[in-house]
Each structure stands twice: as structure tokens, then as C-alpha cells.
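Chemist: Below are the C-alpha cells for one structure; questions will follow.
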Amino acid sequence: MIRSLYFALFSAALIIVPATAPAHADEDRDIVLHASPRTPDQIAAFYEARGFPHAAIETLTQTCFVTVSFHNRSGDVVWLELSRWRFVDEHGREVKRRDRAHWNALWEKLGVPMANRSTFGWTQLPEVRDLQPSEPVGGNVALPPPSGRFRLEARFATGARKQGKDIMVTLDDLSCPGRDVK
Amino acid sequence: MTARGLLLSFLLCVTPAQAGTLPEGLIKLDGRPASTLKLADLDGKTTDLGALRGQWVMVHFWASWCGPCRRELPAIAAMAQTKPAALALVMVNTAETEDEVFAFLASVAPALSTLLDKDGQVTERWQPRGLPSTFFVDPRGRLRYLALGGRPWDTGPYRHFLASLTPERKN
């Protein structure tokens, strides 16, 4: 009973900040999730300033990067597992993420310097992370640009051994700014 | 030695971690050996973690483009002024150029010095959970604690934690 109540409170304390809303964090809540799709100009400016080669910039600006920040303010472990996140376009089709293997293969092909590869890696959201109480995490998730609006369905396991109830989060009405949205 | 003396000696050797009072955002690690770390700073002076055996070392990974790193640096700069002398602070910049690091540190924390992991490969070996990340390496070269994200190192609980790593021995 107490456990059920805990998870009811835990889930109710989840804050979801849509991309169009100003970024904020509520200090009184347990979990904060914030997603903000980036414009191609923002992406180009960031990586150009860090000396990324032109060919890499070209590919990066053809990608929809969603900057995600997540803060576990609960008293339990929350599992970030990108394999349990689904991006779905307005036609109900899944938009597959471009994961680290995709980028590593591309950087190899383009001969991108190790320093750039390292910087890029640290700007991406980790694939898996057992977020400890009070631990923040942030980074980008890369998608082929959906043609219209899309949503994120994210599922999080809880508890050190994932013994707790899953938390399901849906972020609706996302779009990649700077691209055509119907 | 009296019972009181014994108790005092014991208390002086107990870190906040042993007492179960780690400040928020610090977690205990399993004591595996720290990876090698031998890098040069902006002046070309090399620091080798292996040469710091015998003392606690705070190894901090950061980058100027990382927002939480930028927010944390003033606290690190303030802490560096008052940290216990026996605690070494080793900062590692991840995969940025000398120019980027020099321009940034000069404006934000001119008193701090950092090593340069120019191609990011040392950072990859250490596998921090993200940037910023701070590891604590014990005098035997083993990983003992990890700070999750940026922390207010210049505030009470963190100062107390740092002081507890290197308690002054009283005769």
C-alpha cells in the first residue's frame, strides 16, 4: 500500500516541459524532464565553433537534435534507457534514432578528428544510465527530421534493480524548428 | 591511551563517508584502480597521477561548452583556495584546444590550472558519467568517490567532506 502510494506520488511529481514552453525546473518536484529541439543554425553554430569539419557540419544540420535534460530529484534510482524511448511521427510511424554506432561509423568514414568525435559523444544523451538520487543528465538525441510534428514516448524503470514500477512519459507536439511543419 | 583518547583517534580517522553522511550527489565507488592519467597543462608542464600516490586526488573533468561545468567552476575556484593542502586538485579539460581553454579560464577562473586532454582519449578511458564529473582517488590510487554532475564545493557539507579525507593528525 505504502509502495503504491509512493509510486503514485512519484509519478504525479513528474514534470514534463514541452519544447514550446520556457525551460524551467520546479524545485519542489521529484523529476524534471525537459526536451528542446534545436534549429539547424544552433547546431551549426555550436559545432562550427568547435572546429568540426565542413562535411560533419553538413550532416549534423540535416539531423533533428532534441536536447534533453533530466534531473532525478527522487529518492530512488531512475533508469535512462534510450532503447525504451520511441519517437512517433504524426502518422503513427516510429522515427528511428541515430544512435552512437551510426555516428561512429560516419565519423570514421569522414575522417573526423578524435577530439571532435569525443566532443560530439559528450554532447549526446547516454544510451543507458542508472540515475542516482539528485543526479542530473543532459544531452542530445538525434533523429532524421520528421516531416511534421512528433511525440516522444519514454519509459523509465525505477529502483536499483529495476524492481519498481515503470514511469511512462509522453511529450506531444514536438517539432524540429527551422524545418517545414504541416 | 585512555578510552577517551582512543575514541578521539577513531573519530579523527572516520570520514563522512564511513559515517554514512556523504553530501548530496556523492556516491561511493568500489575501489577499483584509477586509470592512468598523464597530461600537460597550458604551460606544457606534465602531471602524472601515478606520481601523486600517497595523497588524495580530486580529478575533475570539464569542458567550456558544458553549461553545468561553467556553473560549477566558480565553486571549484573558491574551494581550491581553501582546500586541505594534502588534497591535490587535478582538472582535466576534455577535447578542447589550448586557445579555447586559455580564453575561457582567463575570464572565468584565472587562478585555476587545467590539464589538456586534447583528443579526449584519457577522458574516454576514465568513463565519467558525463561532464562535469569529479572522481576522488585515494592515496593508493583507487577510485573511492564520484560526484554526480556539478556540486557546490565551496559550501559546508562539501568542505567538510574534503577536510575529512585528509584529517590533521594530532599527537
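Simple scheme: letters A, B, ... for chains in C-alpha cells order, numbers from 1 for residues in each chain, numbers from 1 for ligands in the order shown.
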For chain A against chain B, with a cut-off of 10 Å and counting only C-alpha atoms, what is the closest atom pair and its distance in Å to one decimal for every residue that makes the cut, ordered by chain and number, as a Markdown table?
Modeler:
| residue | atom | partner | partner_atom | distance |
| --- | --- | --- | --- | --- |
| A:Phe46 | CA | B:Trp65 | CA | 8.6 |
| A:Ala49 | CA | B:Glu100 | CA | 9.8 |
| A:Arg50 | CA | B:Glu96 | CA | 7.7 |
| A:Gly51 | CA | B:Thr97 | CA | 9.5 |
| A:Pro113 | CA | B:Asp119 | CA | 8.0 |
| A:Met114 | CA | B:Asp119 | CA | 5.4 |
| A:Ala115 | CA | B:Asp119 | CA | 4.0 |
| A:Asn116 | CA | B:Ala95 | CA | 7.3 |
| A:Arg117 | CA | B:Gly120 | CA | 8.5 |
| A:Ser118 | CA | B:Gly120 | CA | 5.5 |
| A:Thr119 | CA | B:Ala95 | CA | 6.2 |
| A:Phe120 | CA | B:Ala95 | CA | 9.9 |
| A:Gly121 | CA | B:Glu124 | CA | 9.7 |
| A:Trp122 | CA | B:Gly130 | CA | 6.7 |
| A:Thr123 | CA | B:Cys66 | CA | 8.4 |
| A:Gln124 | CA | B:Gly130 | CA | 9.6 |
| A:Leu125 | CA | B:Gly130 | CA | 9.0 |
| A:Pro126 | CA | B:Gly130 | CA | 8.2 |
| A:Arg129 | CA | B:Arg129 | CA | 8.0 |
| A:Asp130 | CA | B:Arg129 | CA | 9.8 |
| A:Leu131 | CA | B:Leu148 | CA | 9.2 |
| A:Gln132 | CA | B:Gly25 | CA | 8.0 |
| A:Pro133 | CA | B:Gly25 | CA | 7.3 |
| A:Ser134 | CA | B:Gly25 | CA | 5.8 |
| A:Glu135 | CA | B:Leu148 | CA | 5.6 |
| A:Pro136 | CA | B:Gly149 | CA | 6.4 |
| A:Val137 | CA | B:Gly130 | CA | 7.4 |
| A:Gly138 | CA | B:Gly130 | CA | 8.4 |
| A:Gly139 | CA | B:Gly130 | CA | 9.3 |
Chemist: For the selection just defined, write its residues with N, CA and C atoms to a file, as a short mmCIF file (atom, residue, chain, number, x, y, z; two decimals), in the first residue's frame.
Modeler:
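Just written: selection-v9.cif:
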data_model
loop_
_atom_site.label_atom_id
_atom_site.label_comp_id
_atom_site.auth_asym_id
_atom_site.auth_seq_id
_atom_site.Cartn_x
_atom_site.Cartn_y
_atom_site.Cartn_z
N PHE A 46 27.15 25.72 -32.90
CA PHE A 46 27.83 25.03 -31.81
C PHE A 46 29.03 24.23 -32.31
N ALA A 49 31.90 26.24 -34.09
CA ALA A 49 32.76 26.93 -33.11
C ALA A 49 33.77 25.99 -32.49
N ARG A 50 33.52 24.71 -32.57
CA ARG A 50 34.45 23.72 -32.00
C ARG A 50 35.27 23.03 -33.07
N GLY A 51 35.32 23.66 -34.23
CA GLY A 51 36.25 23.20 -35.27
C GLY A 51 35.86 21.94 -36.00
N PRO A 113 38.33 14.21 -36.81
CA PRO A 113 39.37 14.08 -35.77
C PRO A 113 38.81 13.54 -34.44
N MET A 114 39.69 12.87 -33.70
CA MET A 114 39.29 12.25 -32.44
C MET A 114 38.71 13.27 -31.46
N ALA A 115 39.28 14.47 -31.41
CA ALA A 115 38.79 15.48 -30.47
C ALA A 115 37.33 15.83 -30.78
N ASN A 116 37.01 15.96 -32.07
CA ASN A 116 35.63 16.27 -32.46
C ASN A 116 34.71 15.10 -32.11
N ARG A 117 35.19 13.89 -32.35
CA ARG A 117 34.36 12.72 -32.02
C ARG A 117 34.06 12.68 -30.53
N SER A 118 35.11 12.99 -29.74
CA SER A 118 34.94 12.97 -28.29
C SER A 118 33.93 14.03 -27.86
N THR A 119 34.10 15.25 -28.37
CA THR A 119 33.17 16.33 -28.01
C THR A 119 31.75 15.96 -28.41
N PHE A 120 31.61 15.44 -29.63
CA PHE A 120 30.27 15.05 -30.08
C PHE A 120 29.66 14.01 -29.13
N GLY A 121 30.47 13.04 -28.76
CA GLY A 121 29.97 11.98 -27.87
C GLY A 121 29.47 12.53 -26.55
N TRP A 122 30.21 13.51 -26.00
CA TRP A 122 29.80 14.04 -24.70
C TRP A 122 28.59 14.95 -24.81
N THR A 123 28.25 15.40 -26.04
CA THR A 123 27.04 16.22 -26.19
C THR A 123 25.79 15.37 -26.41
N GLN A 124 25.96 14.05 -26.52
CA GLN A 124 24.80 13.18 -26.73
C GLN A 124 24.30 12.60 -25.40
N LEU A 125 23.01 12.37 -25.33
CA LEU A 125 22.45 11.74 -24.14
C LEU A 125 22.97 10.30 -24.04
N PRO A 126 23.37 9.84 -22.86
CA PRO A 126 23.86 8.47 -22.76
C PRO A 126 22.79 7.46 -23.16
N ARG A 129 21.75 4.88 -18.37
CA ARG A 129 22.29 5.50 -17.15
C ARG A 129 21.38 5.19 -15.98
N ASP A 130 21.95 4.65 -14.91
CA ASP A 130 21.18 4.44 -13.69
C ASP A 130 21.27 5.72 -12.87
N LEU A 131 20.30 6.58 -13.07
CA LEU A 131 20.36 7.90 -12.45
C LEU A 131 20.11 7.80 -10.95
N GLN A 132 21.12 8.19 -10.20
CA GLN A 132 21.03 8.12 -8.74
C GLN A 132 20.23 9.32 -8.21
N PRO A 133 19.75 9.21 -6.98
CA PRO A 133 19.04 10.35 -6.41
C PRO A 133 19.88 11.62 -6.51
N SER A 134 19.28 12.66 -7.00
CA SER A 134 19.86 14.00 -7.19
C SER A 134 20.77 14.10 -8.42
N GLU A 135 20.84 13.04 -9.21
CA GLU A 135 21.73 13.10 -10.38
C GLU A 135 21.04 13.73 -11.60
N PRO A 136 21.71 14.70 -12.21
CA PRO A 136 21.20 15.26 -13.46
C PRO A 136 21.84 14.56 -14.65
N VAL A 137 21.19 14.65 -15.80
CA VAL A 137 21.82 14.18 -17.03
C VAL A 137 21.25 15.03 -18.17
N GLY A 138 22.06 15.25 -19.16
CA GLY A 138 21.59 16.05 -20.29
C GLY A 138 22.34 15.68 -21.55
N GLY A 139 21.75 16.03 -22.68
CA GLY A 139 22.42 15.76 -23.94
C GLY A 139 21.42 15.70 -25.07
#
Chemist: Would you return as number ranges by chain the members of stretch 14-116 of chain B that DSSP assigns to strand (DSSP E) on this structure's backbone?
Modeler: B: 26-28, 38-40, 46-48, 57-62, 88-94, 115-116
Chemist: What would the file look like if the residues just selected were written as a PDB file, in the first residue's frame with C-alpha atoms?
Modeler:
ATOM      1  CA  LEU B  26      28.415  11.966  -3.994  1.00  0.00           C
ATOM      2  CA  ILE B  27      28.430   8.212  -4.346  1.00  0.00           C
ATOM      3  CA  LYS B  28      30.871   5.617  -3.133  1.00  0.00           C
ATOM      4  CA  LYS B  38      49.417  11.785 -17.623  1.00  0.00           C
ATOM      5  CA  LEU B  39      48.757  15.060 -19.392  1.00  0.00           C
ATOM      6  CA  ALA B  40      50.283  18.504 -19.853  1.00  0.00           C
ATOM      7  CA  THR B  46      53.075  17.406 -17.230  1.00  0.00           C
ATOM      8  CA  THR B  47      51.182  15.916 -14.311  1.00  0.00           C
ATOM      9  CA  ASP B  48      51.199  12.164 -13.753  1.00  0.00           C
ATOM     10  CA  VAL B  57      43.409  13.430  -5.507  1.00  0.00           C
ATOM     11  CA  MET B  58      40.285  15.150  -6.781  1.00  0.00           C
ATOM     12  CA  VAL B  59      40.151  14.546 -10.548  1.00  0.00           C
ATOM     13  CA  HIS B  60      37.704  16.857 -12.294  1.00  0.00           C
ATOM     14  CA  PHE B  61      36.662  16.503 -15.956  1.00  0.00           C
ATOM     15  CA  TRP B  62      35.142  19.520 -17.674  1.00  0.00           C
ATOM     16  CA  ALA B  88      45.528  17.508  -4.815  1.00  0.00           C
ATOM     17  CA  LEU B  89      43.174  19.009  -7.388  1.00  0.00           C
ATOM     18  CA  VAL B  90      43.713  17.771 -10.941  1.00  0.00           C
ATOM     19  CA  MET B  91      41.470  19.354 -13.551  1.00  0.00           C
ATOM     20  CA  VAL B  92      41.189  17.789 -16.991  1.00  0.00           C
ATOM     21  CA  ASN B  93      39.715  19.666 -19.930  1.00  0.00           C
ATOM     22  CA  THR B  94      38.099  17.311 -22.420  1.00  0.00           C
ATOM     23  CA  LEU B 115      45.442  19.622 -17.896  1.00  0.00           C
ATOM     24  CA  LEU B 116      44.542  19.282 -21.552  1.00  0.00           C
TER      25      LEU B 116
END
Chemist: DSSP on the backbone: what in chain B comes out alpha helix (DSSP H), as a count of residues only?
Modeler: 54
Chemist: Which residues, written as a ChimeraX atom specification, have at least one atom at most 12 Å from A:Ser83, with only C-alpha atoms counted and residues fewer than 2 positions away on the same chain left out?
Modeler: /A:79-81,85-87,96-99,125-129,141,153-157
Chemist: Keeping only N, CA, C and O atoms, write those residues as a PDB file, in the first residue's frame.
Modeler:
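This is the output file out.pdb:
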ATOM      1  N   TRP A  79      16.027   4.774 -14.248  1.00  0.00           N
ATOM      2  CA  TRP A  79      16.852   4.277 -15.353  1.00  0.00           C
ATOM      3  C   TRP A  79      16.560   5.003 -16.652  1.00  0.00           C
ATOM      4  O   TRP A  79      15.442   4.936 -17.167  1.00  0.00           O
ATOM      5  N   LEU A  80      17.579   5.665 -17.158  1.00  0.00           N
ATOM      6  CA  LEU A  80      17.502   6.228 -18.503  1.00  0.00           C
ATOM      7  C   LEU A  80      17.988   5.145 -19.467  1.00  0.00           C
ATOM      8  O   LEU A  80      19.130   4.697 -19.382  1.00  0.00           O
ATOM      9  N   GLU A  81      17.106   4.705 -20.350  1.00  0.00           N
ATOM     10  CA  GLU A  81      17.452   3.687 -21.346  1.00  0.00           C
ATOM     11  C   GLU A  81      16.841   4.121 -22.672  1.00  0.00           C
ATOM     12  O   GLU A  81      15.630   3.978 -22.878  1.00  0.00           O
ATOM     13  N   TRP A  85      12.862   4.395 -25.455  1.00  0.00           N
ATOM     14  CA  TRP A  85      12.225   5.635 -25.913  1.00  0.00           C
ATOM     15  C   TRP A  85      11.774   5.436 -27.359  1.00  0.00           C
ATOM     16  O   TRP A  85      12.509   4.884 -28.182  1.00  0.00           O
ATOM     17  N   ARG A  86      10.566   5.928 -27.655  1.00  0.00           N
ATOM     18  CA  ARG A  86      10.069   5.870 -29.035  1.00  0.00           C
ATOM     19  C   ARG A  86       9.669   7.269 -29.477  1.00  0.00           C
ATOM     20  O   ARG A  86       8.956   7.973 -28.756  1.00  0.00           O
ATOM     21  N   PHE A  87      10.157   7.647 -30.649  1.00  0.00           N
ATOM     22  CA  PHE A  87       9.705   8.882 -31.273  1.00  0.00           C
ATOM     23  C   PHE A  87       8.718   8.477 -32.368  1.00  0.00           C
ATOM     24  O   PHE A  87       9.019   7.596 -33.183  1.00  0.00           O
ATOM     25  N   LYS A  96      13.214   6.354 -36.146  1.00  0.00           N
ATOM     26  CA  LYS A  96      14.344   5.671 -35.503  1.00  0.00           C
ATOM     27  C   LYS A  96      15.450   6.662 -35.159  1.00  0.00           C
ATOM     28  O   LYS A  96      15.856   7.475 -35.998  1.00  0.00           O
ATOM     29  N   ARG A  97      15.952   6.565 -33.961  1.00  0.00           N
ATOM     30  CA  ARG A  97      17.069   7.411 -33.528  1.00  0.00           C
ATOM     31  C   ARG A  97      18.335   7.095 -34.324  1.00  0.00           C
ATOM     32  O   ARG A  97      18.528   5.955 -34.762  1.00  0.00           O
ATOM     33  N   ARG A  98      19.178   8.099 -34.480  1.00  0.00           N
ATOM     34  CA  ARG A  98      20.524   7.838 -34.997  1.00  0.00           C
ATOM     35  C   ARG A  98      21.416   7.659 -33.768  1.00  0.00           C
ATOM     36  O   ARG A  98      21.739   8.633 -33.085  1.00  0.00           O
ATOM     37  N   ASP A  99      21.769   6.422 -33.511  1.00  0.00           N
ATOM     38  CA  ASP A  99      22.484   6.136 -32.271  1.00  0.00           C
ATOM     39  C   ASP A  99      24.000   6.323 -32.426  1.00  0.00           C
ATOM     40  O   ASP A  99      24.485   6.733 -33.477  1.00  0.00           O
ATOM     41  N   LEU A 125      23.014  12.370 -25.331  1.00  0.00           N
ATOM     42  CA  LEU A 125      22.447  11.742 -24.138  1.00  0.00           C
ATOM     43  C   LEU A 125      22.973  10.305 -24.043  1.00  0.00           C
ATOM     44  O   LEU A 125      23.035   9.615 -25.058  1.00  0.00           O
ATOM     45  N   PRO A 126      23.374   9.843 -22.858  1.00  0.00           N
ATOM     46  CA  PRO A 126      23.862   8.466 -22.756  1.00  0.00           C
ATOM     47  C   PRO A 126      22.789   7.458 -23.156  1.00  0.00           C
ATOM     48  O   PRO A 126      21.600   7.716 -22.973  1.00  0.00           O
ATOM     49  N   GLU A 127      23.228   6.341 -23.686  1.00  0.00           N
ATOM     50  CA  GLU A 127      22.281   5.276 -24.071  1.00  0.00           C
ATOM     51  C   GLU A 127      21.622   4.668 -22.832  1.00  0.00           C
ATOM     52  O   GLU A 127      20.439   4.351 -22.857  1.00  0.00           O
ATOM     53  N   VAL A 128      22.420   4.466 -21.800  1.00  0.00           N
ATOM     54  CA  VAL A 128      21.915   3.859 -20.559  1.00  0.00           C
ATOM     55  C   VAL A 128      22.544   4.587 -19.373  1.00  0.00           C
ATOM     56  O   VAL A 128      23.741   4.876 -19.386  1.00  0.00           O
ATOM     57  N   ARG A 129      21.751   4.876 -18.369  1.00  0.00           N
ATOM     58  CA  ARG A 129      22.294   5.497 -17.152  1.00  0.00           C
ATOM     59  C   ARG A 129      21.376   5.185 -15.981  1.00  0.00           C
ATOM     60  O   ARG A 129      20.167   5.392 -16.060  1.00  0.00           O
ATOM     61  N   VAL A 141      19.479  13.956 -28.411  1.00  0.00           N
ATOM     62  CA  VAL A 141      19.039  12.739 -29.080  1.00  0.00           C
ATOM     63  C   VAL A 141      18.890  13.103 -30.554  1.00  0.00           C
ATOM     64  O   VAL A 141      18.319  14.148 -30.878  1.00  0.00           O
ATOM     65  N   GLU A 153       7.637   9.017 -26.613  1.00  0.00           N
ATOM     66  CA  GLU A 153       7.090   8.131 -25.582  1.00  0.00           C
ATOM     67  C   GLU A 153       8.295   7.500 -24.880  1.00  0.00           C
ATOM     68  O   GLU A 153       9.024   6.723 -25.489  1.00  0.00           O
ATOM     69  N   ALA A 154       8.488   7.875 -23.647  1.00  0.00           N
ATOM     70  CA  ALA A 154       9.675   7.394 -22.920  1.00  0.00           C
ATOM     71  C   ALA A 154       9.240   6.589 -21.701  1.00  0.00           C
ATOM     72  O   ALA A 154       8.324   6.983 -20.977  1.00  0.00           O
ATOM     73  N   ARG A 155       9.899   5.477 -21.514  1.00  0.00           N
ATOM     74  CA  ARG A 155       9.578   4.616 -20.379  1.00  0.00           C
ATOM     75  C   ARG A 155      10.835   4.510 -19.496  1.00  0.00           C
ATOM     76  O   ARG A 155      11.941   4.336 -20.012  1.00  0.00           O
ATOM     77  N   PHE A 156      10.639   4.648 -18.208  1.00  0.00           N
ATOM     78  CA  PHE A 156      11.756   4.609 -17.259  1.00  0.00           C
ATOM     79  C   PHE A 156      11.508   3.523 -16.217  1.00  0.00           C
ATOM     80  O   PHE A 156      10.450   3.514 -15.583  1.00  0.00           O
ATOM     81  N   ALA A 157      12.473   2.657 -16.049  1.00  0.00           N
ATOM     82  CA  ALA A 157      12.404   1.706 -14.934  1.00  0.00           C
ATOM     83  C   ALA A 157      12.857   2.430 -13.675  1.00  0.00           C
ATOM     84  O   ALA A 157      13.580   3.422 -13.739  1.00  0.00           O
TER      85      ALA A 157
END
